[in-house]
file query.cif (mmCIF, C-alpha atoms (C1' of nucleotides))
data_final
loop_
_atom_site.label_atom_id
_atom_site.label_comp_id
_atom_site.auth_asym_id
_atom_site.auth_seq_id
_atom_site.Cartn_x
_atom_site.Cartn_y
_atom_site.Cartn_z
CA MET A 28 -16.04 -33.55 -17.04
CA LYS A 29 -14.31 -30.22 -16.41
CA LYS A 30 -15.82 -30.30 -12.95
CA GLU A 31 -12.58 -29.78 -11.09
CA ILE A 32 -11.39 -26.31 -10.25
CA THR A 33 -8.71 -25.01 -12.58
CA PRO A 34 -5.60 -23.31 -11.21
CA LYS A 35 -6.80 -20.07 -12.75
CA ASP A 36 -10.07 -20.24 -10.86
CA GLN A 37 -8.26 -21.16 -7.68
CA VAL A 38 -6.04 -18.10 -7.99
CA PHE A 39 -8.99 -15.89 -8.81
CA GLN A 40 -11.12 -17.00 -5.90
CA THR A 41 -8.27 -16.66 -3.44
CA ALA A 42 -7.30 -13.24 -4.74
CA SER A 43 -10.90 -12.07 -4.63
CA LYS A 44 -11.30 -13.05 -1.02
CA LEU A 45 -7.99 -11.53 0.08
CA PHE A 46 -8.43 -8.30 -1.88
CA TYR A 47 -11.90 -7.82 -0.49
CA GLN A 48 -11.01 -8.50 3.12
CA HIS A 49 -7.57 -6.95 3.46
CA GLY A 50 -7.31 -4.48 0.60
CA TYR A 51 -5.55 -4.39 -2.73
CA ARG A 52 -2.24 -2.89 -1.66
CA ALA A 53 -1.96 -5.02 1.47
CA ILE A 54 -2.08 -8.30 -0.45
CA GLY A 55 0.90 -9.32 -2.57
CA VAL A 56 1.06 -11.87 -5.32
CA ASP A 57 3.25 -14.13 -3.20
CA THR A 58 0.49 -14.28 -0.60
CA ILE A 59 -2.11 -15.06 -3.24
CA ALA A 60 0.05 -17.82 -4.72
CA ALA A 61 0.84 -19.36 -1.33
CA GLU A 62 -2.74 -19.11 -0.02
CA SER A 63 -4.20 -20.63 -3.16
CA GLY A 64 -1.60 -23.39 -3.37
CA ILE A 65 -0.79 -22.32 -6.91
CA GLY A 66 2.65 -21.62 -8.25
CA LYS A 67 3.60 -18.02 -8.81
CA MET A 68 4.44 -18.58 -12.45
CA THR A 69 1.05 -20.18 -13.03
CA LEU A 70 -0.54 -17.09 -11.59
CA TYR A 71 1.44 -14.83 -13.90
CA ARG A 72 0.66 -17.03 -16.88
CA HIS A 73 -3.07 -16.37 -16.46
CA TYR A 74 -2.84 -12.81 -15.15
CA PRO A 75 0.17 -10.97 -16.61
CA SER A 76 0.20 -8.43 -13.78
CA LYS A 77 -1.33 -7.80 -10.39
CA ASP A 78 -3.37 -4.98 -11.88
CA ASP A 79 -4.89 -7.44 -14.34
CA LEU A 80 -5.94 -9.61 -11.43
CA ILE A 81 -7.44 -6.62 -9.62
CA THR A 82 -9.30 -5.56 -12.76
CA ALA A 83 -10.60 -9.08 -13.31
CA TYR A 84 -11.87 -9.19 -9.74
CA LEU A 85 -13.66 -5.86 -10.14
CA LYS A 86 -15.30 -6.87 -13.41
CA ASP A 87 -16.46 -10.09 -11.83
CA SER A 88 -17.81 -8.16 -8.84
CA ASN A 89 -19.72 -5.96 -11.24
CA GLU A 90 -21.30 -8.99 -12.88
CA LEU A 91 -22.18 -10.52 -9.53
CA PHE A 92 -23.74 -7.23 -8.43
CA TRP A 93 -26.02 -7.06 -11.43
CA ASN A 94 -26.91 -10.72 -11.34
CA ASN A 95 -27.88 -10.28 -7.72
CA PHE A 96 -29.73 -7.05 -8.48
CA GLU A 97 -31.69 -8.74 -11.22
CA ALA A 98 -32.59 -11.70 -9.05
CA LEU A 99 -33.66 -9.44 -6.21
CA THR A 100 -35.85 -7.16 -8.23
CA LYS A 101 -37.32 -9.38 -10.92
CA ASP A 102 -40.34 -10.33 -8.84
CA ALA A 103 -41.03 -6.84 -7.56
CA PRO A 104 -44.15 -5.48 -9.26
CA THR A 105 -43.20 -1.80 -9.35
CA ALA A 106 -40.10 0.32 -9.70
CA ARG A 107 -40.56 1.48 -6.14
CA ALA A 108 -40.74 -2.10 -4.94
CA LYS A 109 -37.58 -2.91 -6.87
CA LEU A 110 -35.71 -0.13 -5.13
CA MET A 111 -36.96 -1.23 -1.76
CA ALA A 112 -36.07 -4.86 -2.47
CA PHE A 113 -32.52 -3.77 -3.20
CA PHE A 114 -32.16 -1.67 -0.07
CA GLU A 115 -33.66 -4.34 2.14
CA SER A 116 -31.20 -6.85 0.76
CA LEU A 117 -28.38 -4.34 1.17
CA GLN A 118 -29.32 -3.73 4.78
CA GLU A 119 -29.22 -7.41 5.48
CA TYR A 120 -25.90 -7.91 3.70
CA VAL A 121 -23.94 -5.05 5.24
CA ASN A 122 -24.76 -6.29 8.71
CA THR A 123 -23.26 -9.67 7.92
CA PRO A 124 -19.72 -10.77 8.82
CA ALA A 125 -19.17 -11.63 5.15
CA CYS A 126 -19.38 -7.95 4.21
CA TYR A 127 -16.17 -5.96 4.00
CA GLY A 128 -17.61 -2.90 2.33
CA CYS A 129 -17.74 -2.30 -1.40
CA PRO A 130 -14.91 -3.51 -3.69
CA PHE A 131 -15.35 -0.44 -5.88
CA LEU A 132 -15.25 2.11 -3.09
CA ASN A 133 -12.29 0.29 -1.64
CA VAL A 134 -10.29 0.39 -4.86
CA ALA A 135 -11.14 4.04 -5.43
CA THR A 136 -9.84 4.83 -1.95
CA GLU A 137 -6.63 2.88 -2.34
CA TYR A 138 -5.98 4.14 -5.87
CA PRO A 139 -7.46 7.65 -5.94
CA GLU A 140 -5.90 8.54 -9.28
CA THR A 141 -8.75 8.38 -11.74
CA ASP A 142 -6.56 7.07 -14.52
CA TYR A 143 -5.75 3.89 -12.61
CA PRO A 144 -7.45 1.00 -14.43
CA GLY A 145 -9.20 -0.31 -11.34
CA HIS A 146 -10.53 3.13 -10.49
CA GLN A 147 -11.93 3.36 -14.00
CA VAL A 148 -13.80 0.07 -13.65
CA ALA A 149 -15.12 1.23 -10.29
CA LEU A 150 -16.31 4.52 -11.73
CA GLU A 151 -18.12 2.76 -14.56
CA HIS A 152 -19.81 0.45 -12.10
CA LYS A 153 -20.95 3.27 -9.86
CA GLN A 154 -22.21 5.29 -12.81
CA SER A 155 -24.21 2.30 -14.01
CA VAL A 156 -25.78 1.89 -10.57
CA ARG A 157 -26.55 5.59 -10.52
CA ALA A 158 -28.17 5.30 -13.92
CA LYS A 159 -30.27 2.35 -12.80
CA PHE A 160 -31.42 4.28 -9.75
CA ARG A 161 -32.36 7.20 -11.99
CA GLN A 162 -34.36 4.96 -14.26
CA LEU A 163 -36.21 3.36 -11.38
CA ALA A 164 -36.77 6.71 -9.68
CA LYS A 165 -38.32 8.01 -12.86
CA GLU A 166 -40.50 4.93 -13.26
CA ALA A 167 -41.54 5.26 -9.64
CA GLY A 168 -42.89 8.72 -10.40
CA ALA A 169 -40.40 10.84 -8.49
CA LYS A 170 -40.80 14.51 -9.19
CA LYS A 171 -37.04 14.94 -9.39
CA PRO A 172 -35.79 11.45 -10.25
CA ASP A 173 -32.14 12.49 -10.62
CA VAL A 174 -32.14 13.99 -7.14
CA LEU A 175 -33.79 10.97 -5.57
CA ALA A 176 -31.39 8.63 -7.36
CA ASP A 177 -28.37 10.46 -6.00
CA GLN A 178 -29.80 10.57 -2.50
CA LEU A 179 -30.34 6.82 -2.56
CA PHE A 180 -26.87 6.41 -4.00
CA LEU A 181 -25.37 8.19 -0.99
CA LEU A 182 -27.30 5.94 1.36
CA MET A 183 -26.01 2.84 -0.39
CA ASP A 184 -22.36 3.85 -0.26
CA GLY A 185 -22.74 5.10 3.30
CA ALA A 186 -24.03 1.67 4.24
CA TYR A 187 -21.10 -0.07 2.56
CA MET A 188 -18.61 2.16 4.36
CA ALA A 189 -20.36 1.67 7.68
CA SER A 190 -19.73 -2.02 7.25
CA ARG A 191 -16.04 -1.60 6.51
CA MET A 192 -15.55 0.89 9.33
CA PHE A 193 -17.55 -0.83 12.08
CA GLY A 194 -17.81 -4.44 10.95
CA ALA A 195 -21.12 -6.19 11.58
CA ASN A 196 -23.67 -4.36 13.74
CA ASN A 197 -23.08 -0.99 12.15
CA PRO A 198 -25.12 2.17 11.60
CA ALA A 199 -26.51 0.77 8.36
CA ALA A 200 -29.14 -1.23 10.24
CA HIS A 201 -31.78 1.30 9.17
CA VAL A 202 -30.72 2.05 5.63
CA ALA A 203 -33.88 0.53 4.19
CA SER A 204 -36.18 2.74 6.21
CA ALA A 205 -34.15 5.77 5.18
CA ALA A 206 -34.54 4.78 1.54
CA ARG A 207 -38.27 4.37 2.04
CA THR A 208 -38.55 7.81 3.59
CA LEU A 209 -36.64 9.45 0.75
CA ILE A 210 -38.69 7.64 -1.89
CA GLU A 211 -42.00 8.51 -0.26
CA ALA A 212 -41.02 12.15 0.03
CA ALA A 213 -39.94 12.24 -3.60
CA VAL A 214 -43.07 10.75 -5.15
CA GLU A 215 -45.81 12.36 -3.12
CA MET B 27 8.58 35.66 17.92
CA LYS B 28 8.04 31.97 17.11
CA LYS B 29 6.22 33.05 13.96
CA GLU B 30 8.24 30.98 11.56
CA ILE B 31 7.20 27.47 10.68
CA THR B 32 9.11 24.79 12.53
CA PRO B 33 10.45 21.73 10.69
CA LYS B 34 8.00 19.60 12.63
CA ASP B 35 5.08 21.65 11.39
CA GLN B 36 6.44 21.60 7.87
CA VAL B 37 6.62 17.82 7.94
CA PHE B 38 3.17 17.55 9.44
CA GLN B 39 1.48 19.81 6.92
CA THR B 40 3.15 18.10 3.99
CA ALA B 41 2.31 14.64 5.29
CA SER B 42 -1.28 15.66 5.93
CA LYS B 43 -1.76 16.91 2.41
CA LEU B 44 -0.12 13.87 0.81
CA PHE B 45 -1.89 11.30 2.99
CA TYR B 46 -5.23 12.93 2.33
CA GLN B 47 -4.81 13.19 -1.42
CA HIS B 48 -2.95 10.01 -2.31
CA GLY B 49 -3.58 7.67 0.58
CA TYR B 50 -1.56 6.40 3.51
CA ARG B 51 0.09 3.41 1.92
CA ALA B 52 0.90 5.19 -1.32
CA ILE B 53 2.99 7.87 0.39
CA GLY B 54 6.38 6.97 1.85
CA VAL B 55 8.45 8.86 4.36
CA ASP B 56 11.06 9.63 1.71
CA THR B 57 8.41 11.44 -0.31
CA ILE B 58 7.23 13.38 2.73
CA ALA B 59 10.79 14.39 3.60
CA ALA B 60 11.63 15.43 0.04
CA GLU B 61 8.34 17.27 -0.56
CA SER B 62 8.58 19.16 2.70
CA GLY B 63 12.26 20.02 2.24
CA ILE B 64 13.00 18.49 5.63
CA GLY B 65 15.68 15.93 6.35
CA LYS B 66 14.59 12.40 6.91
CA MET B 67 16.27 12.21 10.30
CA THR B 68 14.51 15.37 11.41
CA LEU B 69 11.24 13.75 10.49
CA TYR B 70 12.04 10.64 12.51
CA ARG B 71 13.18 12.75 15.45
CA HIS B 72 9.71 14.28 15.76
CA TYR B 73 7.70 11.25 14.65
CA PRO B 74 9.38 7.97 15.63
CA SER B 75 7.46 5.99 13.01
CA LYS B 76 5.23 6.50 10.02
CA ASP B 77 2.31 5.20 12.05
CA ASP B 78 2.90 7.95 14.59
CA LEU B 79 2.67 10.49 11.81
CA ILE B 80 -0.54 8.93 10.51
CA THR B 81 -2.03 8.90 13.98
CA ALA B 82 -1.03 12.53 14.57
CA TYR B 83 -2.69 13.52 11.31
CA LEU B 84 -5.89 11.71 12.24
CA LYS B 85 -6.04 13.27 15.69
CA ASP B 86 -5.50 16.69 14.18
CA SER B 87 -8.23 16.00 11.61
CA ASN B 88 -10.54 15.10 14.46
CA GLU B 89 -9.83 18.40 16.19
CA LEU B 90 -10.33 20.35 12.98
CA PHE B 91 -13.62 18.55 12.41
CA TRP B 92 -14.99 19.49 15.77
CA ASN B 93 -13.70 23.05 15.65
CA ASN B 94 -15.41 23.42 12.30
CA PHE B 95 -18.54 21.73 13.58
CA GLU B 96 -18.69 24.07 16.54
CA ALA B 97 -18.18 27.14 14.40
CA LEU B 98 -20.84 26.02 11.95
CA THR B 99 -23.51 25.23 14.49
CA LYS B 100 -22.94 27.72 17.28
CA ASP B 101 -25.24 30.33 15.75
CA ALA B 102 -27.98 27.89 14.82
CA PRO B 103 -30.94 28.39 17.15
CA THR B 104 -32.20 24.81 17.27
CA ALA B 105 -30.81 21.29 17.16
CA ARG B 106 -32.50 20.80 13.82
CA ALA B 107 -30.88 23.96 12.47
CA LYS B 108 -27.51 22.76 13.73
CA LEU B 109 -27.88 19.50 11.82
CA MET B 110 -28.91 21.32 8.69
CA ALA B 111 -26.04 23.77 9.01
CA PHE B 112 -23.65 20.86 9.14
CA PHE B 113 -25.11 19.10 6.11
CA GLU B 114 -25.25 22.28 4.07
CA SER B 115 -21.61 22.90 4.81
CA LEU B 116 -20.81 19.28 4.02
CA GLN B 117 -22.60 19.50 0.70
CA GLU B 118 -20.59 22.54 -0.23
CA TYR B 119 -17.30 21.01 0.86
CA VAL B 120 -17.60 17.64 -0.84
CA ASN B 121 -18.24 19.32 -4.17
CA THR B 122 -14.99 21.25 -3.86
CA PRO B 123 -11.68 20.24 -5.50
CA ALA B 124 -10.07 20.44 -2.05
CA CYS B 125 -12.10 17.43 -0.88
CA TYR B 126 -10.58 13.99 -1.16
CA GLY B 127 -13.11 12.16 0.94
CA CYS B 128 -12.85 11.51 4.66
CA PRO B 129 -9.46 10.82 6.29
CA PHE B 130 -11.09 8.39 8.70
CA LEU B 131 -12.97 6.38 6.10
CA ASN B 132 -9.83 6.34 4.00
CA VAL B 133 -7.65 4.95 6.78
CA ALA B 134 -10.26 2.37 7.72
CA THR B 135 -10.31 1.19 4.12
CA GLU B 136 -6.54 1.00 3.77
CA TYR B 137 -6.04 -0.62 7.18
CA PRO B 138 -9.18 -2.69 7.75
CA GLU B 139 -7.77 -4.52 10.76
CA THR B 140 -9.52 -2.93 13.71
CA ASP B 141 -6.47 -3.21 15.94
CA TYR B 142 -4.43 -0.91 13.71
CA PRO B 143 -3.85 2.34 15.66
CA GLY B 144 -5.13 4.57 12.87
CA HIS B 145 -8.28 2.49 12.51
CA GLN B 146 -8.88 2.88 16.24
CA VAL B 147 -8.63 6.67 16.05
CA ALA B 148 -10.97 6.63 13.06
CA LEU B 149 -13.49 4.49 14.91
CA GLU B 150 -13.45 6.78 17.93
CA HIS B 151 -14.00 9.77 15.69
CA LYS B 152 -16.93 8.20 13.88
CA GLN B 153 -18.49 7.06 17.13
CA SER B 154 -18.26 10.57 18.51
CA VAL B 155 -19.94 11.97 15.40
CA ARG B 156 -22.62 9.34 15.71
CA ALA B 157 -23.13 10.28 19.34
CA LYS B 158 -23.39 13.96 18.46
CA PHE B 159 -25.99 13.17 15.81
CA ARG B 160 -27.94 11.15 18.35
CA GLN B 161 -27.87 14.00 20.83
CA LEU B 162 -29.03 16.53 18.24
CA ALA B 163 -31.66 14.17 16.88
CA LYS B 164 -33.04 13.76 20.37
CA GLU B 165 -33.01 17.50 21.00
CA ALA B 166 -34.73 18.03 17.66
CA GLY B 167 -37.60 15.88 18.86
CA ALA B 168 -37.13 12.85 16.64
CA LYS B 169 -39.38 9.99 17.60
CA LYS B 170 -36.52 7.52 17.12
CA PRO B 171 -33.41 9.66 17.53
CA ASP B 172 -30.99 6.75 17.27
CA VAL B 173 -32.47 5.70 13.94
CA LEU B 174 -32.43 9.22 12.54
CA ALA B 175 -28.85 9.72 13.71
CA ASP B 176 -27.67 6.59 11.91
CA GLN B 177 -29.55 7.50 8.76
CA LEU B 178 -27.89 10.91 8.71
CA PHE B 179 -24.59 9.23 9.44
CA LEU B 180 -24.94 7.10 6.30
CA LEU B 181 -25.69 10.18 4.23
CA MET B 182 -22.59 11.92 5.53
CA ASP B 183 -20.22 9.05 4.78
CA GLY B 184 -21.90 8.43 1.44
CA ALA B 185 -21.20 12.06 0.55
CA TYR B 186 -17.56 11.76 1.54
CA MET B 187 -17.14 8.63 -0.55
CA ALA B 188 -18.90 10.21 -3.52
CA SER B 189 -16.25 12.91 -3.44
CA ARG B 190 -13.38 10.45 -3.38
CA MET B 191 -14.90 8.28 -6.08
CA PHE B 192 -16.08 10.98 -8.49
CA GLY B 193 -14.07 14.07 -7.55
CA ALA B 194 -15.89 17.37 -7.66
CA ASN B 195 -19.40 17.42 -9.18
CA ASN B 196 -20.47 14.20 -7.55
CA PRO B 197 -23.78 12.68 -6.44
CA ALA B 198 -23.50 14.42 -3.07
CA ALA B 199 -24.87 17.65 -4.55
CA HIS B 200 -28.21 16.97 -2.85
CA VAL B 201 -27.10 15.54 0.47
CA ALA B 202 -28.54 18.49 2.39
CA SER B 203 -32.02 18.05 0.97
CA ALA B 204 -31.84 14.34 1.77
CA ALA B 205 -30.92 15.19 5.35
CA ARG B 206 -33.81 17.63 5.55
CA THR B 207 -36.25 15.02 4.28
CA LEU B 208 -35.09 12.44 6.80
CA ILE B 209 -35.22 14.93 9.67
CA GLU B 210 -38.69 16.13 8.74
CA ALA B 211 -40.00 12.61 8.48
CA ALA B 212 -38.48 11.71 11.85
CA VAL B 213 -39.90 14.61 13.87
CA GLU B 214 -43.39 14.95 12.47
"C1'" DG C 7 7.78 -44.51 -25.84
"C1'" DT C 8 8.12 -39.44 -27.28
"C1'" DG C 9 7.20 -34.81 -27.52
"C1'" DC C 10 4.50 -31.16 -25.63
"C1'" DT C 11 2.23 -28.44 -22.35
"C1'" DA C 12 0.82 -27.00 -17.85
"C1'" DC C 13 2.23 -26.97 -13.44
"C1'" DG C 14 4.76 -26.30 -8.63
"C1'" DA C 15 8.81 -24.79 -6.44
"C1'" DT C 16 12.48 -21.87 -5.98
"C1'" DA C 17 15.88 -18.54 -6.88
"C1'" DC C 18 16.62 -14.18 -8.52
"C1'" DA C 19 16.69 -9.08 -10.25
"C1'" DG C 20 15.48 -4.54 -9.52
"C1'" DA C 21 12.76 -1.36 -7.23
"C1'" DC C 22 10.80 0.51 -3.18
"C1'" DC C 23 9.84 0.68 1.74
"C1'" DT C 24 10.84 1.77 6.86
"C1'" DG C 25 14.07 2.99 9.95
"C1'" DT C 26 19.16 3.92 11.34
"C1'" DA C 27 23.90 5.69 11.10
"C1'" DT C 28 27.01 9.19 9.88
"C1'" DC C 29 28.82 13.64 8.68
"C1'" DG C 30 29.02 18.52 8.04
"C1'" DA C 31 26.79 22.97 8.67
"C1'" DT C 32 24.43 26.30 11.35
"C1'" DA C 33 22.52 28.58 15.14
"C1'" DT C 34 22.25 29.71 19.71
"C1'" DA C 35 23.41 29.81 24.82
"C1'" DG C 36 26.81 30.87 28.15
"C1'" DC D 26 34.86 31.98 21.45
"C1'" DT D 27 33.08 27.52 22.64
"C1'" DA D 28 29.93 23.92 23.60
"C1'" DT D 29 25.67 22.02 22.58
"C1'" DA D 30 21.67 21.03 19.98
"C1'" DT D 31 19.15 21.00 15.78
"C1'" DC D 32 19.13 20.47 11.13
"C1'" DG D 33 19.91 18.77 5.98
"C1'" DA D 34 22.01 15.41 3.19
"C1'" DT D 35 23.37 10.97 2.22
"C1'" DA D 36 24.49 6.29 2.63
"C1'" DC D 37 23.03 2.12 4.34
"C1'" DA D 38 20.68 -2.24 6.41
"C1'" DG D 39 17.06 -5.33 6.18
"C1'" DG D 40 12.72 -6.35 4.52
"C1'" DT D 41 9.00 -6.64 0.98
"C1'" DC D 42 7.11 -5.99 -3.46
"C1'" DT D 43 6.40 -7.08 -8.59
"C1'" DG D 44 7.78 -9.66 -12.19
"C1'" DT D 45 11.18 -13.06 -14.46
"C1'" DA D 46 14.13 -17.13 -15.08
"C1'" DT D 47 15.08 -21.80 -14.23
"C1'" DC D 48 14.37 -26.55 -13.23
"C1'" DG D 49 12.04 -30.80 -12.39
"C1'" DT D 50 7.65 -33.26 -12.84
"C1'" DA D 51 3.24 -35.02 -14.19
"C1'" DG D 52 -0.28 -35.69 -17.50
"C1'" DC D 53 -1.67 -36.23 -22.25
"C1'" DA D 54 -1.75 -36.65 -27.36
"C1'" DC D 55 0.09 -39.43 -30.82
#
call {"tool": "encode", "arguments": {"input": "query.cif", "output": "structure tokens"}}
result
Amino acid sequence: MKKEITPKDQVFQTASKLFYQHGYRAIGVDTIAAESGIGKMTLYRHYPSKDDLITAYLKDSNELFWNNFEALTKDAPTARAKLMAFFESLQEYVNTPACYGCPFLNVATEYPETDYPGHQVALEHKQSVRAKFRQLAKEAGAKKPDVLADQLFLLMDGAYMASRMFGANNPAAHVASAARTLIEAAVE
Amino acid sequence: MKKEITPKDQVFQTASKLFYQHGYRAIGVDTIAAESGIGKMTLYRHYPSKDDLITAYLKDSNELFWNNFEALTKDAPTARAKLMAFFESLQEYVNTPACYGCPFLNVATEYPETDYPGHQVALEHKQSVRAKFRQLAKEAGAKKPDVLADQLFLLMDGAYMASRMFGANNPAAHVASAARTLIEAAVE
DNA sequence: GTGCTACGATACAGACCTGTATCGATATAG
DNA sequence: CTATATCGATACAGGTCTGTATCGTAGCAC
């Protein structure tokens, strides 16, 4: 049946939750093993190092992001509507207790050296988001699509950080209207 | 004459630079002592714990922020001009190699627990910036000053994070124009 | 049954961390 | 000169971290 959760999945889910909430450096492998009820050696059998576990979490977060992005925007009729659908969803999410910021911004802050594997994955993710924004800004008819894309990008990351700094009920409550204003000004 | 640098200042300046560049958890007191050329016991005589040193750095960063803010805006004739002066200066700074993001966002990311002393100082700082933005937004004649203030706040923190994530030449190159667009839309 | 594999539990090695203790040198006040 | 305080250097204690080694067990193929 393969329905039951494997030890590897159990480790991964526990690590994901702990990394996201408390940070990468603050959580040790002993904590992950104990919290997941999985033996330490089983953890190391599936993930040869803590960095491998961090990298796996980030790559999974990237997939989840794009799956969610696709689901959010697939019914929007225009590029502009797709962008707004994303920012409305973002606004809702970052004001939720389940939000602890952005895994990619968090890892880049904790490991600022750009050659750290996790930072690399984070950079690739952010560049891909930036590229998607550029594409949509162009399709939406922005006069300077690259500028609009970067402006929206700043709003997004500002909203994520507002969540991590303030918790729920943070300054990101109006991020969607800010995005709308920037888009309108860029296409007129 | 008191011109010479005291050991306490030497420790503080070294710690500030290292914390800002590499992060709070990544830098140990041994590194600070060695890098500053100051004995470890001298460090602990002036700062009883590493957390005290972190807190002192954050409080100093807060003072520097407001001194800089005052200097930047004191010659601006209107509230709107003051806001723009700040965001133009921010745009310049975050695209500089000397920028490693925002010390307050960084500490909040590394120590997400809100009861951590450094997180508290960071929260107070961000709330005071938010309040200043609200005051200026109101003076500038925004129809919804609180909303405009929070939108600008997101732009600011997004710009700081862009710097930490990407280094120099980051998506924050157009943060000032984004601020201008939001302000114009809010006051018209 | 028998051999094999995955697993949990635990102990351990080596490194690093914060914070303390100790000692010798130096500088300054009286 | 002498006493006191500050400093640098170093060793150390106790804890935590990553990663490994070891052992006993449970399930499964054959």
call {"tool": "atom_distance", "arguments": {"input": "query.cif", "atom1": "CA of Thr104 in chain B", "atom2": "CA of Ala199 in chain A"}}
result
26.3 Å
call {"tool": "resolve_selection", "arguments": {"input": "query.cif", "expression": "the PyMOL selection byres ((chain B) within 6 of (chain A))", "output": "list in words"}}
result
Ala134, Asp176, Leu180, Leu181, Asp183, Gly184, Ala185, Met191 and Pro197 of chain B
call {"tool": "resolve_selection", "arguments": {"input": "query.cif", "expression": "the PyMOL selection byres ((chain C) within 10 of (chain B))", "output": "PyMOL selection string"}}
result
chain C and resi 22-26
call {"tool": "interface_residues", "arguments": {"input": "query.cif", "of": "chain D", "to": "chain B", "cutoff": "8 Å", "atoms": "all atoms listed in the file", "output": "list in words"}}
result
DC32, DG33 and DA34 of chain D
call {"tool": "residues_around", "arguments": {"input": "query.cif", "residues": "Glu96 in chain B", "least_positions_apart": "6", "cutoff": "10 Å", "atoms": "all atoms listed in the file", "output": "PyMOL selection string"}}
result
chain B and resi 90+108+112
call {"tool": "closest_residue", "arguments": {"input": "query.cif", "among": "A:Val156, A:Ala125, A:Ala108, A:Ile54", "to": "Ile81 in chain A", "atoms": "all atoms listed in the file"}}
result
A:Ile54
call {"tool": "atom_distance", "arguments": {"input": "query.cif", "atom1": "C1' of DA46 in chain D", "atom2": "C1' of DA19 in chain C"}}
result
9.7 Å
call {"tool": "atom_distance", "arguments": {"input": "query.cif", "atom1": "CA of Tyr46 in chain B", "atom2": "CA of Pro124 in chain A"}}
result
28.5 Å
call {"tool": "resolve_selection", "arguments": {"input": "query.cif", "expression": "the PyMOL selection byres ((chain C and resi 27) around 9)", "output": "list in words"}}
result
DT26 and DT28 of chain C; DA36 and DC37 of chain D
call {"tool": "closest_residue", "arguments": {"input": "query.cif", "among": "B:Ala194, B:Leu44, B:Ile31, B:Val37", "to": "Arg71 in chain B", "atoms": "only C-alpha atoms"}}
result
B:Val37
